[in-house]
Amino acid sequence: MQTVIHHRRILIWAVHIITVAFALLTAFVLRFEFAIQGRDRYLLYFAIAAAIPIKLMTFHLARLDRGWWLYVSTTDVVRLAAANAVSSLVLSGTVVAMVGDFPRSVLLLDFLLCFLFTAAVRLAVRMYREAVVGDFGRPKTRVLIYGAGAAGVGLVREIRSNPALGYEVAGFLDDDPQKKNAMLAGIRVFGSGRELAQILDRNRARSISEVIIAMPSANGRQMREAISSCRAANLACKTLPGFGELLSARFLTSQIRQLSVDDLLGRQPVNLDYGRIRERIAGRRILVTGAAGSIGSELCRQVAAFEPSQLVILDQAESELFKVEQQVRSNFPGLNLHLELADIRDEVRVAEVFRTHDIDSVLHAAAYKHVHLMEAHVFEAARNNIIGTWNVARCAYERGVRDFLMISSDKAVNPSNVMGATKRAAELVVAAVPSDSRSDTRFVSVRFGNVLGSNGSVVPIFQAQIASGGPVTVTHPDVRRFFMTVREAVQLVLQASTMGRGSEVFVLDMGEPIRIVDLARNMIRLAGLTPDEDIELRFTGLRAGEKLYEEVASQGENVVPTSQEKIHVFQGPAVKRADVMAWLSELQSLLERRNATAIVEHLSALIPEYTPSEVWHHSEDLARAAHAGSAK
């Protein structure tokens, strides 16, 4: 490799020497009208002898001998012009000082010609590579690029400069009507994505077989429309990822990939205040509960990157906790990592963890989250989501932990199921803890919607159903949900952890809700299949406690913006610690008596906006009837 680079530099030096000499010779020939005689010939030889070392040294200092001419750009041409200008000024001063009477017009012509010749050589190499070499070899895949912006034009240039990719760009698509029929990088913008079928009919001879979507900043709606246009025209499509991924790679073409479910969301990059996050985490002893879950494991990975003095990961799932440990240790071998196999419902064990590790900050992600399961297991939902949260929060309070953040859910808003009601109760418990003036701990909660691809979410379920040939089951044709990627959710959770003063409930901007049936159809299309033909879509009906759509805020909650555009804070009625503690005491008594209906009624007393599902309405009616019968 070093030998190849050495030979390439020798070749560049040789080209520069020839170009410099030829430029001066041409300047003299033009100045003296092709008749160089006597003293003028002596001046030519002297000028060439002076120009070669002066210009080669200037070109070297400008690093013009290290560029890749295959990828020459306007930036390289500007540097070339500047280097030629400087070298010509030095040459002019040298020859005038040593010779005196020297034709000034020759020096001006030399600058212009040397710049043109050095630029022309570079452009010729690139054009030869793109126009001549690129026409030979294996057949090309003719593609349209969807997006006539900076990314699209950059992609065209890379495809032209690298024939081995096997692509040939036939044209652009862009939904901006002002760009229609424009020429970008010598390629025409045919029209919008909705016109794709007509464009293909008009360009049958071009044999276009693929579309590459080059819109890294597109939102979810724009991506879904682009994908729909490609599917309607029966064209395969690929995409470029978001800017965060693009920045991690040298070439755009290396980032071309198959479309994924994440592209359907089109979430914009998160602008984080990394300084504040690092200030909250670096050098501290951090505890993550529920560390084996989707959110908890991502919290562990991201927290580890901010160099805590100690990371304690806690979960009751032994095998999954082991997997998380292996991942974190592999990526952060120098991290002081401790595993704690524990159940947050065991207050003695939780207290032992806090005492052993002298925890500074808590990220509480442990919870039961599956709606229909919790509807059938009220005791477990209440014990884990409420009592378990109280155990962790109380230990944080008693040990003087600096920060406590609980992961909540959008299902806590106007809950219609046990899971949502227990999460709302947990929010109130967390908000009530610091009501004591002796507490220096900042207790906050963060709500967000479904996490794309998390354990038990619809995405892996749909993927498994598609892989097995269907059917893909959806509860209701109109059901909608908010979705976020797990990485984005955790990034915003960490940012929210730096913003709370105590007792706040933060909510993450979840964008627009997505129809689950649309998500299912798009996932089938991403698998290269046709919905309702290759894969059946089957509606099974809403399960107990499920809503058609989730809400953002409850009645009486005021949404207030924060310094982070994707994080808002809710300001609701103040929580009285004494009332919540009395409610908790009664809940523990009901759990001991194993009275599920009484627990649902108890949740309703604390959370007036809670509307129990039909299952519990029916149970309450039975309970009242039984009570009336015994009274008689």
# chains A, B, ... in the order shown; residues from 1 in each chain; ligands from 1
>>> residues_around(residues="Asp315 of chain A", least_positions_apart="3", cutoff="10 Å", atoms="only C-alpha atoms", output="list in words")
Val288, Thr289, Gly290, Ala291, Ala292, Gly293, Gly296, Glu318, Ser319, Glu320, Leu321, Phe322, Leu339, Glu340, Leu341, Ala342, Asp343, Ile344, Ala365 and Ala366 of chain A
>>> select_by_dssp(residues="segment 142-245 of chain A", states="strand (DSSP E)", output="MDAnalysis selection string")
chainID A and resid 142:146 167:173 183:184 187:191 210:213 236:239
>>> select_by_dssp(residues="segment 147-181 of chain A", states="helix (DSSP H, G or I)", output="JSON, numbers by chain")
{"A": [150, 151, 152, 153, 154, 155, 156, 157, 158, 159, 160, 161, 163, 164, 165, 177, 178, 179]}
>>> write_last_selection(atoms="N, CA, C and O atoms", output="tab-separated table (two decimals), in the first residue's frame")
chain	number	residue	atom	x	y	z
A	150	ALA	N	-28.89	18.14	-1.65
A	150	ALA	CA	-27.45	17.96	-1.50
A	150	ALA	C	-27.06	16.49	-1.43
A	150	ALA	O	-26.07	16.06	-2.04
A	151	ALA	N	-27.84	15.69	-0.67
A	151	ALA	CA	-27.53	14.27	-0.55
A	151	ALA	C	-27.67	13.56	-1.89
A	151	ALA	O	-26.85	12.71	-2.25
A	152	GLY	N	-28.72	13.90	-2.64
A	152	GLY	CA	-28.94	13.27	-3.94
A	152	GLY	C	-27.84	13.59	-4.93
A	152	GLY	O	-27.32	12.71	-5.63
A	153	VAL	N	-27.45	14.88	-5.01
A	153	VAL	CA	-26.39	15.28	-5.94
A	153	VAL	C	-25.06	14.66	-5.51
A	153	VAL	O	-24.28	14.20	-6.35
A	154	GLY	N	-24.79	14.64	-4.19
A	154	GLY	CA	-23.57	14.01	-3.71
A	154	GLY	C	-23.52	12.52	-4.05
A	154	GLY	O	-22.47	11.98	-4.39
A	155	LEU	N	-24.68	11.88	-3.99
A	155	LEU	CA	-24.76	10.45	-4.32
A	155	LEU	C	-24.46	10.22	-5.79
A	155	LEU	O	-23.77	9.27	-6.16
A	156	VAL	N	-24.96	11.10	-6.66
A	156	VAL	CA	-24.68	11.00	-8.09
A	156	VAL	C	-23.18	11.05	-8.34
A	156	VAL	O	-22.62	10.25	-9.10
A	157	ARG	N	-22.51	12.02	-7.69
A	157	ARG	CA	-21.07	12.16	-7.90
A	157	ARG	C	-20.30	10.92	-7.46
A	157	ARG	O	-19.36	10.49	-8.12
A	158	GLU	N	-20.71	10.34	-6.34
A	158	GLU	CA	-20.01	9.15	-5.87
A	158	GLU	C	-20.27	7.95	-6.78
A	158	GLU	O	-19.37	7.15	-7.03
A	159	ILE	N	-21.48	7.82	-7.26
A	159	ILE	CA	-21.80	6.71	-8.17
A	159	ILE	C	-20.97	6.83	-9.45
A	159	ILE	O	-20.44	5.85	-9.97
A	160	ARG	N	-20.84	8.06	-9.95
A	160	ARG	CA	-20.04	8.28	-11.17
A	160	ARG	C	-18.56	7.98	-10.93
A	160	ARG	O	-17.88	7.48	-11.81
A	161	SER	N	-18.07	8.31	-9.75
A	161	SER	CA	-16.65	8.14	-9.47
A	161	SER	C	-16.28	6.71	-9.08
A	161	SER	O	-15.10	6.40	-8.97
A	163	PRO	N	-17.35	3.16	-10.49
A	163	PRO	CA	-18.10	2.26	-11.37
A	163	PRO	C	-18.34	0.88	-10.77
A	163	PRO	O	-19.29	0.21	-11.16
A	164	ALA	N	-17.49	0.48	-9.83
A	164	ALA	CA	-17.63	-0.86	-9.25
A	164	ALA	C	-18.96	-1.03	-8.51
A	164	ALA	O	-19.39	-2.15	-8.25
A	165	LEU	N	-19.62	0.08	-8.18
A	165	LEU	CA	-20.90	-0.02	-7.49
A	165	LEU	C	-21.98	-0.65	-8.36
A	165	LEU	O	-22.95	-1.22	-7.85
A	177	PRO	N	-42.24	21.11	-6.91
A	177	PRO	CA	-42.60	21.36	-8.32
A	177	PRO	C	-41.65	22.31	-9.03
A	177	PRO	O	-41.53	22.28	-10.25
A	178	GLN	N	-40.95	23.17	-8.29
A	178	GLN	CA	-40.03	24.12	-8.92
A	178	GLN	C	-38.79	23.44	-9.48
A	178	GLN	O	-38.09	24.01	-10.32
A	179	LYS	N	-38.51	22.22	-9.04
A	179	LYS	CA	-37.32	21.51	-9.53
A	179	LYS	C	-37.61	20.66	-10.77
A	179	LYS	O	-36.68	20.13	-11.38
>>> atom_distance(atom1="atom CA of Arg515 of chain A", atom2="atom CA of Val559 of chain A")
24.6 Å
>>> residues_around(residues="Cys395 of chain A", least_positions_apart="3", cutoff="9 Å", atoms="only C-alpha atoms", output="PDB file with C-alpha atoms, in the first residue's frame")
ATOM      1  CA  GLU A 347     -37.848  -3.814  50.024  1.00  0.00           C
ATOM      2  CA  VAL A 350     -33.582  -3.045  47.399  1.00  0.00           C
ATOM      3  CA  ALA A 351     -32.296  -1.333  50.543  1.00  0.00           C
ATOM      4  CA  PHE A 354     -28.510   1.064  47.883  1.00  0.00           C
ATOM      5  CA  ARG A 355     -26.468   0.507  51.010  1.00  0.00           C
ATOM      6  CA  TRP A 390     -42.245   3.091  46.180  1.00  0.00           C
ATOM      7  CA  ASN A 391     -39.546   0.744  47.517  1.00  0.00           C
ATOM      8  CA  VAL A 392     -36.917   2.166  45.150  1.00  0.00           C
ATOM      9  CA  GLU A 398     -33.555   7.769  52.751  1.00  0.00           C
ATOM     10  CA  ARG A 399     -30.054   7.449  51.273  1.00  0.00           C
ATOM     11  CA  GLY A 400     -30.043  11.057  50.023  1.00  0.00           C
ATOM     12  CA  VAL A 401     -29.658  10.121  46.359  1.00  0.00           C
TER      13      VAL A 401
END
